[in-house]
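> Sharing input-v1.txt below, compact mmCIF, C-alpha atoms and all ligand atoms:
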# COMPACT_ATOMS: atom_id res chain seq x y z
CA MET A 1 0.00 0.00 0.00
CA LYS A 2 1.20 3.53 -0.80
CA GLU A 3 2.43 5.69 2.07
CA CYS A 4 -0.02 8.35 3.24
CA LEU A 5 1.50 11.83 3.40
CA LEU A 6 -0.95 13.10 6.03
CA GLY A 7 0.89 10.88 8.52
CA LEU A 8 4.13 12.86 8.15
CA ASN A 9 5.12 15.88 10.18
CA LEU A 10 6.46 18.92 8.34
CA GLU A 11 10.08 17.91 8.81
CA LYS A 12 9.56 14.45 7.30
CA LEU A 13 7.44 15.89 4.51
CA LYS A 14 10.26 18.27 3.64
CA SER A 15 12.65 15.40 3.12
CA VAL A 16 10.13 13.53 0.93
CA ILE A 17 9.66 16.66 -1.19
CA SER A 18 13.38 17.32 -1.51
CA ASP A 19 13.93 13.68 -2.52
CA LEU A 20 11.49 14.35 -5.36
CA GLY A 21 13.77 17.21 -6.42
CA GLU A 22 11.31 19.94 -5.46
CA LYS A 23 11.98 23.24 -3.65
CA SER A 24 11.43 23.14 0.10
CA PHE A 25 8.64 25.78 0.20
CA ARG A 26 6.50 23.23 -1.67
CA ALA A 27 6.55 21.07 1.46
CA GLY A 28 4.87 23.86 3.45
CA GLN A 29 2.17 24.27 0.81
CA ILE A 30 1.51 20.55 0.62
CA TYR A 31 1.47 20.22 4.42
CA LYS A 32 -1.23 22.91 4.69
CA ALA A 33 -3.25 21.39 1.88
CA LEU A 34 -3.09 17.95 3.51
CA HIS A 35 -4.34 19.34 6.82
CA LEU A 36 -7.17 21.11 4.98
CA GLY A 37 -8.26 17.68 3.77
CA LEU A 38 -7.35 18.13 0.11
CA ASP A 39 -6.46 15.38 -2.27
CA PHE A 40 -3.48 15.79 -4.65
CA SER A 41 -5.82 16.58 -7.55
CA GLU A 42 -7.21 19.55 -5.59
CA MET A 43 -3.78 21.05 -4.82
CA THR A 44 -3.96 23.49 -7.71
CA GLU A 45 -1.02 25.55 -6.47
CA LEU A 46 1.19 22.67 -7.56
CA SER A 47 2.15 21.86 -11.11
CA LYS A 48 0.27 19.04 -12.79
CA THR A 49 3.49 17.05 -13.09
CA LEU A 50 4.17 17.30 -9.36
CA ARG A 51 0.60 16.31 -8.52
CA GLU A 52 0.93 13.28 -10.76
CA LYS A 53 4.34 12.39 -9.35
CA LEU A 54 2.92 12.56 -5.82
CA SER A 55 -0.13 10.45 -6.55
CA GLU A 56 1.94 7.76 -8.25
CA GLN A 57 3.89 7.17 -5.06
CA TYR A 58 1.70 8.38 -2.21
CA THR A 59 -1.85 8.87 -1.03
CA ALA A 60 -2.93 12.21 0.47
CA GLN A 61 -5.99 11.42 2.61
CA PRO A 62 -6.39 8.08 4.40
CA VAL A 63 -10.15 8.23 5.05
CA THR A 64 -13.28 9.13 3.10
CA ILE A 65 -16.64 9.96 4.65
CA ILE A 66 -19.13 7.45 3.29
CA LYS A 67 -22.10 8.13 5.52
CA ASN A 68 -23.29 10.90 7.78
CA LEU A 69 -26.24 10.62 10.15
CA LYS A 70 -27.72 13.56 12.01
CA SER A 71 -29.45 13.17 15.34
CA VAL A 72 -32.36 15.33 16.41
CA ASP A 73 -30.12 16.62 19.22
CA GLY A 74 -27.48 17.89 16.77
CA THR A 75 -25.04 15.01 17.24
CA GLN A 76 -23.69 13.65 13.96
CA LYS A 77 -22.24 10.28 13.27
CA PHE A 78 -19.75 9.62 10.49
CA LEU A 79 -18.79 6.40 8.83
CA PHE A 80 -15.34 6.51 7.25
CA LYS A 81 -13.87 4.16 4.68
CA LEU A 82 -10.16 3.36 4.88
CA CYS A 83 -7.94 2.63 1.87
CA ASP A 84 -8.11 -1.14 2.50
CA GLY A 85 -11.93 -1.14 2.55
CA ASN A 86 -12.37 -1.32 6.32
CA VAL A 87 -14.84 1.07 7.90
CA ILE A 88 -14.61 2.99 11.17
CA GLU A 89 -16.82 5.56 12.84
CA GLY A 90 -16.60 8.91 14.53
CA VAL A 91 -19.10 11.10 16.36
CA LEU A 92 -19.37 14.87 16.23
CA MET A 93 -20.96 16.76 19.08
CA LYS A 94 -21.81 20.44 19.08
CA TYR A 95 -21.41 22.35 22.30
CA LYS A 96 -21.86 26.05 22.98
CA TYR A 97 -18.17 26.74 22.46
CA GLY A 98 -17.62 24.61 19.34
CA TYR A 99 -17.36 21.09 17.98
CA THR A 100 -15.94 18.04 19.71
CA ILE A 101 -15.05 14.99 17.67
CA CYS A 102 -14.91 11.46 19.05
CA VAL A 103 -12.48 9.36 17.00
CA SER A 104 -11.73 5.65 16.67
CA THR A 105 -8.21 4.34 17.22
CA GLN A 106 -8.65 0.74 16.01
CA VAL A 107 -10.86 -1.21 13.62
CA GLY A 108 -12.79 -3.17 16.25
CA CYS A 109 -11.31 -3.84 19.69
CA ARG A 110 -9.92 -6.90 21.42
CA MET A 111 -10.96 -5.96 24.96
CA GLY A 112 -14.40 -7.55 24.66
CA CYS A 113 -16.36 -5.45 27.18
CA ALA A 114 -19.84 -6.94 27.63
CA PHE A 115 -21.76 -3.71 26.97
CA CYS A 116 -19.84 -2.48 23.95
CA ALA A 117 -20.53 -3.00 20.25
CA SER A 118 -16.95 -2.23 19.19
CA GLY A 119 -15.54 -5.47 20.50
CA LEU A 120 -18.16 -7.77 18.97
CA HIS A 121 -15.85 -9.02 16.23
CA GLY A 122 -12.60 -8.58 18.10
CA LEU A 123 -9.74 -6.53 16.76
CA VAL A 124 -9.34 -6.28 12.98
CA ARG A 125 -6.32 -3.98 13.00
CA ASN A 126 -4.76 -0.89 14.51
CA LEU A 127 -5.32 2.44 12.83
CA THR A 128 -2.21 4.30 11.69
CA SER A 129 -1.55 7.77 13.07
CA ALA A 130 -2.49 9.14 9.64
CA GLU A 131 -5.87 7.38 9.76
CA ILE A 132 -6.72 8.72 13.23
CA LEU A 133 -5.71 12.21 12.09
CA GLY A 134 -7.64 11.66 8.85
CA GLU A 135 -10.90 11.34 10.80
CA VAL A 136 -10.36 14.80 12.34
CA ILE A 137 -9.23 16.39 9.08
CA ALA A 138 -12.12 14.96 7.04
CA VAL A 139 -14.76 16.19 9.48
CA ASN A 140 -13.12 19.60 9.88
CA ARG A 141 -13.27 19.96 6.09
CA TYR A 142 -16.86 18.74 6.04
CA LEU A 143 -17.68 21.55 8.50
CA GLY A 144 -15.95 24.12 6.29
CA GLY A 145 -13.14 24.56 8.82
CA GLY A 146 -9.63 25.75 8.08
CA LEU A 147 -6.36 25.57 9.99
CA GLY A 148 -5.29 27.11 13.30
CA ASP A 149 -7.84 29.73 14.40
CA LYS A 150 -10.10 28.85 11.49
CA ARG A 151 -10.60 25.25 12.52
CA GLN A 152 -14.13 24.17 13.40
CA ILE A 153 -13.14 21.29 15.66
CA ILE A 154 -11.70 22.40 18.95
CA ASN A 155 -11.85 19.30 21.13
CA ILE A 156 -11.00 15.67 20.49
CA VAL A 157 -11.95 12.65 22.55
CA LEU A 158 -10.38 9.26 21.86
CA MET A 159 -13.55 7.40 22.75
CA GLY A 160 -14.66 5.83 19.49
CA SER A 161 -13.98 2.19 18.65
CA GLY A 162 -10.79 0.69 19.95
CA GLU A 163 -8.51 0.83 22.96
CA PRO A 164 -6.05 3.68 22.31
CA LEU A 165 -3.41 2.31 24.69
CA ASP A 166 -3.52 -1.03 22.85
CA ASN A 167 -2.37 0.97 19.80
CA TYR A 168 0.06 3.02 21.83
CA ASP A 169 2.72 4.23 19.38
CA ASN A 170 0.31 5.29 16.65
CA THR A 171 -1.94 7.03 19.16
CA VAL A 172 0.91 9.03 20.67
CA GLU A 173 2.17 9.92 17.20
CA PHE A 174 -1.34 11.09 16.33
CA LEU A 175 -1.38 13.32 19.44
CA ARG A 176 1.81 15.00 18.23
CA LEU A 177 0.66 15.36 14.61
CA VAL A 178 -2.73 16.86 15.42
CA SER A 179 -1.23 19.49 17.71
CA GLU A 180 1.68 20.55 15.48
CA THR A 181 1.78 24.27 14.69
CA GLY A 182 1.10 24.98 11.03
CA GLY A 183 -1.40 22.12 10.71
CA ILE A 184 -4.90 21.86 12.17
CA ASN A 185 -3.13 22.52 15.48
CA ILE A 186 -5.59 21.35 18.13
CA SER A 187 -4.23 21.99 21.60
CA GLN A 188 -3.31 18.88 23.57
CA ARG A 189 -5.12 20.41 26.55
CA ASN A 190 -8.32 19.97 24.54
CA ILE A 191 -7.73 16.27 23.89
CA SER A 192 -8.96 13.44 26.14
CA LEU A 193 -7.89 9.83 25.89
CA SER A 194 -10.12 7.13 27.34
CA THR A 195 -8.69 3.77 28.36
CA SER A 196 -10.16 0.61 29.81
CA GLY A 197 -7.21 0.70 32.22
CA ILE A 198 -4.03 -0.69 30.62
CA VAL A 199 -1.86 0.13 33.63
CA PRO A 200 1.71 -0.13 32.20
CA LYS A 201 0.76 2.08 29.26
CA MET A 202 -0.82 4.62 31.60
CA TYR A 203 2.58 4.95 33.31
CA LYS A 204 4.30 5.22 29.94
CA LEU A 205 1.90 7.94 28.79
CA ALA A 206 2.69 9.99 31.91
CA ASP A 207 6.33 10.16 30.76
CA GLU A 208 5.58 11.31 27.19
CA ASP A 209 5.90 14.93 26.17
CA VAL A 210 2.16 15.16 25.54
CA SER A 211 -0.19 16.90 27.94
CA ILE A 212 -3.61 15.45 27.36
CA ASN A 213 -6.49 14.59 29.69
CA LEU A 214 -6.67 11.03 30.93
CA THR A 215 -10.01 9.25 31.31
CA VAL A 216 -10.41 5.72 32.66
CA SER A 217 -13.44 3.47 32.13
CA LEU A 218 -14.11 2.15 35.61
CA HIS A 219 -17.71 0.92 35.55
CA SER A 220 -17.46 -0.83 38.93
CA PRO A 221 -15.72 -0.29 42.26
CA PHE A 222 -15.33 -4.07 42.75
CA ASP A 223 -12.67 -6.08 40.88
CA GLU A 224 -14.72 -9.30 40.72
CA GLU A 225 -17.78 -7.52 39.31
CA ARG A 226 -15.68 -5.42 36.95
CA GLU A 227 -14.22 -8.64 35.53
CA GLN A 228 -17.73 -9.78 34.60
CA ILE A 229 -18.24 -6.83 32.27
CA MET A 230 -14.63 -5.97 31.37
CA PRO A 231 -12.31 -8.94 30.76
CA VAL A 232 -9.27 -6.63 30.97
CA ALA A 233 -10.05 -6.25 34.69
CA LYS A 234 -8.65 -9.76 35.22
CA THR A 235 -5.23 -8.37 34.36
CA TYR A 236 -5.34 -4.89 35.91
CA LYS A 237 -6.95 -4.34 39.30
CA ILE A 238 -8.69 -1.17 40.39
CA ASP A 239 -6.03 -0.28 42.97
CA GLU A 240 -3.32 -0.59 40.31
CA ILE A 241 -5.35 1.71 38.06
CA LEU A 242 -5.70 4.23 40.89
CA GLY A 243 -1.92 4.07 41.39
CA ALA A 244 -1.34 4.77 37.70
CA CYS A 245 -3.80 7.71 37.85
CA ALA A 246 -2.05 9.17 40.90
CA ASN A 247 1.24 8.93 39.00
CA TYR A 248 -0.33 10.67 36.00
CA PHE A 249 -1.42 13.51 38.26
CA LYS A 250 2.00 13.71 39.92
CA LYS A 251 3.82 13.84 36.58
CA THR A 252 1.45 16.08 34.62
CA GLY A 253 -0.52 18.01 37.23
CA ARG A 254 -3.67 17.05 35.37
CA ARG A 255 -6.79 15.80 37.10
CA TYR A 256 -8.25 12.60 35.70
CA ILE A 257 -11.76 11.42 34.92
CA PHE A 258 -13.52 8.13 35.53
CA GLU A 259 -16.21 6.99 33.15
CA TYR A 260 -18.98 4.97 34.77
CA VAL A 261 -21.64 3.43 32.53
CA LEU A 262 -24.79 2.84 34.56
CA ILE A 263 -26.14 -0.65 33.88
CA ARG A 264 -29.47 -1.44 35.47
CA GLY A 265 -29.26 -3.90 38.36
CA ASN A 266 -25.56 -4.43 37.69
CA ASN A 267 -23.50 -1.50 38.97
CA ASP A 268 -26.06 1.14 39.99
CA SER A 269 -26.92 0.23 43.61
CA ILE A 270 -26.28 2.08 46.86
CA ARG A 271 -23.60 -0.51 47.64
CA HIS A 272 -21.79 0.44 44.41
CA ALA A 273 -22.12 4.16 45.11
CA ASN A 274 -20.71 3.78 48.63
CA ALA A 275 -17.77 1.66 47.47
CA LEU A 276 -17.04 4.13 44.70
CA ILE A 277 -17.03 6.97 47.20
CA SER A 278 -14.61 5.22 49.52
CA LYS A 279 -12.26 4.35 46.61
CA LEU A 280 -12.23 7.80 45.03
CA LYS A 281 -12.80 10.30 47.81
CA GLY A 282 -10.02 12.86 48.18
CA ARG A 283 -8.46 12.04 44.80
CA PRO A 284 -8.05 14.80 42.18
CA CYS A 285 -10.65 13.22 39.92
CA HIS A 286 -14.11 13.61 38.45
CA VAL A 287 -16.72 10.92 37.79
CA ASN A 288 -18.62 11.02 34.53
CA LEU A 289 -21.79 8.93 34.71
CA ILE A 290 -23.25 7.68 31.44
CA ARG A 291 -26.54 5.92 30.93
CA LEU A 292 -25.85 2.73 28.97
CA ASN A 293 -26.63 2.95 25.28
CA GLU A 294 -28.45 -0.34 24.88
CA VAL A 295 -27.17 -2.51 22.03
CA LYS A 296 -29.30 -5.28 20.64
CA GLU A 297 -26.44 -7.80 20.78
CA ASN A 298 -26.67 -8.12 24.57
CA GLU A 299 -29.26 -8.14 27.31
CA LEU A 300 -27.87 -5.30 29.41
CA LYS A 301 -30.25 -2.45 30.19
CA SER A 302 -29.61 1.14 31.06
CA ALA A 303 -30.41 2.61 34.45
CA THR A 304 -33.51 4.80 34.16
CA ASP A 305 -33.13 8.57 34.41
CA LYS A 306 -34.46 8.46 37.95
CA GLU A 307 -31.99 5.76 38.99
CA ALA A 308 -29.15 7.61 37.30
CA TYR A 309 -29.94 10.86 39.13
CA ARG A 310 -30.22 8.95 42.40
CA PHE A 311 -26.74 7.49 41.83
CA LEU A 312 -25.39 10.94 40.97
CA GLY A 313 -26.92 12.36 44.15
CA LEU A 314 -25.29 9.66 46.26
CA LEU A 315 -21.84 10.36 44.81
CA GLU A 316 -22.22 14.11 45.32
CA LYS A 317 -23.43 13.62 48.87
CA GLY A 318 -20.40 11.43 49.45
CA GLY A 319 -18.11 14.28 48.42
CA LEU A 320 -17.22 13.25 44.86
CA SER A 321 -17.19 15.61 41.93
CA ALA A 322 -19.57 13.97 39.45
CA THR A 323 -21.82 14.69 36.47
CA LEU A 324 -24.37 12.71 34.51
CA ARG A 325 -23.58 13.02 30.85
CA ARG A 326 -26.48 14.13 28.72
CA ARG A 327 -27.76 11.54 26.30
CA MET A 328 -26.54 12.10 22.78
CA GLY A 329 -27.40 10.66 19.42
CA GLU A 330 -29.45 7.72 20.67
CA ASP A 331 -31.57 7.78 17.53
CA ILE A 332 -28.48 7.34 15.36
CA ASP A 333 -26.79 4.40 17.08
CA GLY A 334 -24.81 6.74 19.30
CA ALA A 335 -22.89 4.12 21.25
CA CYS A 336 -19.37 3.24 20.43
CA GLY A 337 -19.20 0.73 17.57
CA GLN A 338 -22.93 0.52 16.93
CA LEU A 339 -22.97 2.21 13.56
CA ARG A 340 -20.08 0.18 12.23
CA GLN A 341 -21.83 -2.95 13.50
CA ARG A 342 -24.99 -1.96 11.60
CA TYR A 343 -22.92 -1.30 8.48
CA ILE A 344 -21.28 -4.72 8.74
CA GLU A 345 -24.71 -6.37 9.05
CA GLU A 346 -26.08 -4.51 6.05
CA ASN A 347 -23.03 -4.95 3.86
CA SER A 348 -21.72 -8.37 4.78
CA THR A 349 -19.57 -8.80 1.72
CA GLY A 350 -16.76 -10.42 3.66
CA GLU A 351 -14.74 -7.27 3.29
CA ILE A 352 -14.48 -6.71 7.02
N1 LIG B 1 -11.56 1.65 24.73
C1 LIG B 1 -11.60 2.86 25.47
C2 LIG B 1 -12.14 4.02 24.67
C3 LIG B 1 -13.29 3.76 23.76
S1 LIG B 1 -14.80 3.35 24.55
C4 LIG B 1 -12.37 2.67 26.74
O1 LIG B 1 -13.01 1.64 26.91
O2 LIG B 1 -12.30 3.56 27.60
C5 LIG B 1 -15.32 4.95 25.15
C6 LIG B 1 -16.32 4.87 26.28
O3 LIG B 1 -17.58 4.38 25.81
C7 LIG B 1 -15.88 3.96 27.40
O4 LIG B 1 -16.02 4.57 28.65
C8 LIG B 1 -16.83 2.80 27.26
O5 LIG B 1 -16.96 2.10 28.44
C9 LIG B 1 -18.08 3.49 26.77
N2 LIG B 1 -19.08 2.60 26.16
C10 LIG B 1 -18.86 1.50 25.43
N3 LIG B 1 -20.03 0.95 25.06
C11 LIG B 1 -21.01 1.71 25.59
C12 LIG B 1 -22.44 1.66 25.59
N4 LIG B 1 -23.09 0.69 24.96
N5 LIG B 1 -23.11 2.63 26.24
C13 LIG B 1 -22.46 3.62 26.89
N6 LIG B 1 -21.13 3.73 26.92
C14 LIG B 1 -20.40 2.78 26.29
FE1 LIG B 2 -12.89 -1.80 23.62
FE2 LIG B 2 -13.50 0.38 25.04
FE3 LIG B 2 -15.43 -1.06 23.81
FE4 LIG B 2 -14.17 -2.07 25.94
S1 LIG B 2 -15.47 -0.24 25.88
S2 LIG B 2 -14.62 -3.19 24.00
S3 LIG B 2 -12.11 -1.30 25.65
S4 LIG B 2 -13.80 0.08 22.83
Represent the structure contained in this file as structure tokens.


Amino acid sequence: MKECLLGLNLEKLKSVISDLGEKSFRAGQIYKALHLGLDFSEMTELSKTLREKLSEQYTAQPVTIIKNLKSVDGTQKFLFKLCDGNVIEGVLMKYKYGYTICVSTQVGCRMGCAFCASGLHGLVRNLTSAEILGEVIAVNRYLGGGLGDKRQIINIVLMGSGEPLDNYDNTVEFLRLVSETGGINISQRNISLSTSGIVPKMYKLADEDVSINLTVSLHSPFDEEREQIMPVAKTYKIDEILGACANYFKKTGRRYIFEYVLIRGNNDSIRHANALISKLKGRPCHVNLIRLNEVKENELKSATDKEAYRFLGLLEKGGLSATLRRRMGEDIDGACGQLRQRYIEENSTGEI
């Protein structure tokens, strides 16, 4: 497969362009055009011969939007096609201050959480850094956004399909590429990475020169019960995760967030709230409660609104900082991996 130029930083792009015998200012032009989401054929500042030379050896954009669904609440879901025919998904949410995009980091996921549609078929492959960046670039272009101050997307969450820390190197490279000056340049402070709790990689991330927000999917304060819904919990215990979070705070000074999906009759009782309070109280963290997005492939049900607010009230009374995330895009298969799953069902050509 041809190398994708969007995956190169400006320095590397310069050496590619000089190897082609072109002047170095061309690299700057091409870099900007790539971050604007343009294909070689649209880079009209370049000579036709150079455009042809580039497209013989390289690809420009690694993803194409093949479907876009709009929710009544303004959330949009995108289905992207990769160069090898695989499909991934991303979600766009509009807040008062601008757009947030939720991107995928893998095709599928091998963690196999019971409530999640992304892991239904296991892991197909890791996304390259160019592909993760491509999701952001394609949607920014779709929104009519430019670079730097003219970008439309201002926040990124790595909460689509896949476990970002299971695709560590490409994810970290993506974090650097997306925040490089001269490109789309999204501040690392506005990027959140969510992990199911891969402890050694959480330590490694704390030592990188990236300053992003760390989010951990907890979903239970009890190891044995967590194992029932998250197989990865057999390997990494809650106390080890808390140790890795404390280290992240020590090294980066950044508070961390716990995601807690409320599953009816599973993890939403007073006993769970009390245990959560005693585990997390006094830590520099925030708890983000989410009502389960029910997926038809399993029997798990969401806590009702009333139950969810009761759980929130218990945590707050216990001294935790907590919020209940508003429901988004339920009418468009909002949950992680659901849209791709639907696409696979409708287009089972054996491609995926
Ligand atoms: N693999 C990473 C990031 C992607 S999942 C992780 O697990 O953290 C992003 C978030 O969506 C996680 O908190 C995950 O638990 C949650 N999630 C997965 N399936 C869900 C569903 N059906 N309803 C609500 N949240 C879900
Ligand atoms: Fe993977 Fe996250 Fe889904 Fe678990 S919740 S299967 S780790 S994407």

> Just the number, please: distance in Å from CA of Ser55 in chain A to CA of Leu147 in chain A, one decimal.

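A separation of 23.3 Å between them.
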
> Using Å and a single decimal, report how far CA of Lys96 in chain A sits from CA of Val139 in chain A.

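So the answer is 18.2 Å.
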
> Any residue with an atom at most 7 Å from ligand LIG 2 (chain B) counts, using only C-alpha atoms and all ligand atoms. Which are they? Put them as number ranges by chain.

A: 109-113, 116-119, 160-163, 195-196, 230, 336

> Of the candidates A:Lys237, A:Arg26, A:Arg310, A:Lys150, which one gets nearest to Leu50 in chain A if we count only C-alpha atoms?

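The closest residue to Leu50 in chain A is A:Arg26.
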
> Residues within 9 Å of ligand LIG 1 (chain B) should be enumerated using all atoms listed in the file and returned as an mmCIF file with C-alpha atoms, in the coordinates of the input.


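The resulting selection-v5.cif:
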data_model
loop_
_atom_site.group_PDB
_atom_site.id
_atom_site.type_symbol
_atom_site.label_atom_id
_atom_site.label_comp_id
_atom_site.auth_asym_id
_atom_site.auth_seq_id
_atom_site.Cartn_x
_atom_site.Cartn_y
_atom_site.Cartn_z
ATOM 1 C CA CYS A 102 -14.910 11.460 19.050
ATOM 2 C CA VAL A 103 -12.480 9.360 17.000
ATOM 3 C CA SER A 104 -11.730 5.650 16.670
ATOM 4 C CA THR A 105 -8.210 4.340 17.220
ATOM 5 C CA CYS A 109 -11.310 -3.840 19.690
ATOM 6 C CA MET A 111 -10.960 -5.960 24.960
ATOM 7 C CA CYS A 113 -16.360 -5.450 27.180
ATOM 8 C CA ALA A 114 -19.840 -6.940 27.630
ATOM 9 C CA PHE A 115 -21.760 -3.710 26.970
ATOM 10 C CA CYS A 116 -19.840 -2.480 23.950
ATOM 11 C CA ALA A 117 -20.530 -3.000 20.250
ATOM 12 C CA SER A 118 -16.950 -2.230 19.190
ATOM 13 C CA VAL A 157 -11.950 12.650 22.550
ATOM 14 C CA LEU A 158 -10.380 9.260 21.860
ATOM 15 C CA MET A 159 -13.550 7.400 22.750
ATOM 16 C CA GLY A 160 -14.660 5.830 19.490
ATOM 17 C CA SER A 161 -13.980 2.190 18.650
ATOM 18 C CA GLY A 162 -10.790 0.690 19.950
ATOM 19 C CA GLU A 163 -8.510 0.830 22.960
ATOM 20 C CA PRO A 164 -6.050 3.680 22.310
ATOM 21 C CA LEU A 165 -3.410 2.310 24.690
ATOM 22 C CA ASP A 166 -3.520 -1.030 22.850
ATOM 23 C CA LEU A 193 -7.890 9.830 25.890
ATOM 24 C CA SER A 194 -10.120 7.130 27.340
ATOM 25 C CA THR A 195 -8.690 3.770 28.360
ATOM 26 C CA SER A 196 -10.160 0.610 29.810
ATOM 27 C CA GLY A 197 -7.210 0.700 32.220
ATOM 28 C CA THR A 215 -10.010 9.250 31.310
ATOM 29 C CA VAL A 216 -10.410 5.720 32.660
ATOM 30 C CA SER A 217 -13.440 3.470 32.130
ATOM 31 C CA LEU A 218 -14.110 2.150 35.610
ATOM 32 C CA HIS A 219 -17.710 0.920 35.550
ATOM 33 C CA MET A 230 -14.630 -5.970 31.370
ATOM 34 C CA PHE A 258 -13.520 8.130 35.530
ATOM 35 C CA GLU A 259 -16.210 6.990 33.150
ATOM 36 C CA TYR A 260 -18.980 4.970 34.770
ATOM 37 C CA VAL A 261 -21.640 3.430 32.530
ATOM 38 C CA LEU A 262 -24.790 2.840 34.560
ATOM 39 C CA ILE A 263 -26.140 -0.650 33.880
ATOM 40 C CA ILE A 290 -23.250 7.680 31.440
ATOM 41 C CA ARG A 291 -26.540 5.920 30.930
ATOM 42 C CA LEU A 292 -25.850 2.730 28.970
ATOM 43 C CA ASN A 293 -26.630 2.950 25.280
ATOM 44 C CA GLU A 294 -28.450 -0.340 24.880
ATOM 45 C CA VAL A 295 -27.170 -2.510 22.030
ATOM 46 C CA LEU A 300 -27.870 -5.300 29.410
ATOM 47 C CA SER A 302 -29.610 1.140 31.060
ATOM 48 C CA GLY A 334 -24.810 6.740 19.300
ATOM 49 C CA ALA A 335 -22.890 4.120 21.250
ATOM 50 C CA CYS A 336 -19.370 3.240 20.430
ATOM 51 C CA GLY A 337 -19.200 0.730 17.570
ATOM 52 C CA GLN A 338 -22.930 0.520 16.930
#

> Just the number, please: distance in Å from CA of Tyr248 in chain A to CA of Gln106 in chain A, one decimal.

23.8 Å

> Which is closer to Leu92 in chain A than all the others in A:Ile212, A:Val232, A:Leu69, A:Leu314, using all atoms listed in the file?

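Closest candidate: A:Leu69.
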
> At most 9 Å is the cut-off: for each residue in range 14-133 of chain A with any atom that close to an atom of range 169-177 of chain A, write down the nearest atom pair and the distance in Å rounded to one decimal, counting only C-alpha atoms, chain first then increasing number, as CSV.


residue,atom,partner,partner_atom,distance
A:Thr105,CA,A:Thr171,CA,7.1
A:Asn126,CA,A:Asn170,CA,8.3
A:Leu127,CA,A:Asn170,CA,7.4
A:Thr128,CA,A:Asn170,CA,5.7
A:Ser129,CA,A:Phe174,CA,4.7
A:Ala130,CA,A:Phe174,CA,7.1
A:Glu131,CA,A:Phe174,CA,8.8
A:Ile132,CA,A:Phe174,CA,6.6
A:Leu133,CA,A:Phe174,CA,6.2

> Using all atoms listed in the file, pick whichever of A:Asn298, A:Gln152, A:Thr252, A:Asn185 has the shortest atom-to-atom distance to Leu214 in chain A.

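Nearest candidate to Leu214 in chain A out of A:Asn298, A:Gln152, A:Thr252, A:Asn185: A:Thr252.
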
> Using all atoms listed in the file, pick whichever of A:Gly243, A:Gly85, A:Gly183, A:Gly98 has the shortest atom-to-atom distance to Gly28 in chain A.

A:Gly183

> My list of candidates is A:Leu13, A:Tyr168, A:Glu135, A:Glu22. Which is closest to Met202 in chain A when distances are computed with all atoms listed in the file?

A:Tyr168

> Looking at A:Ile186, A:Ile270, A:Ile101, A:Leu54, which one is nearest to His35 in chain A, with distances taken over all atoms listed in the file?

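For His35 in chain A, the nearest of the candidates is A:Ile186.
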
> Please, which residues are within 7 Å of (-9.4, 17.7, 17.1) by the file's coordinates, counting only C-alpha atoms, and could they come as a compact mmCIF listing (two decimals) with C-alpha atoms, in the coordinates of the input?


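part.txt written:
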# COMPACT_ATOMS: atom_id res chain seq x y z
CA ILE A 101 -15.05 14.99 17.67
CA VAL A 136 -10.36 14.80 12.34
CA ILE A 153 -13.14 21.29 15.66
CA ILE A 154 -11.70 22.40 18.95
CA ASN A 155 -11.85 19.30 21.13
CA ILE A 156 -11.00 15.67 20.49
CA VAL A 178 -2.73 16.86 15.42
CA ILE A 186 -5.59 21.35 18.13
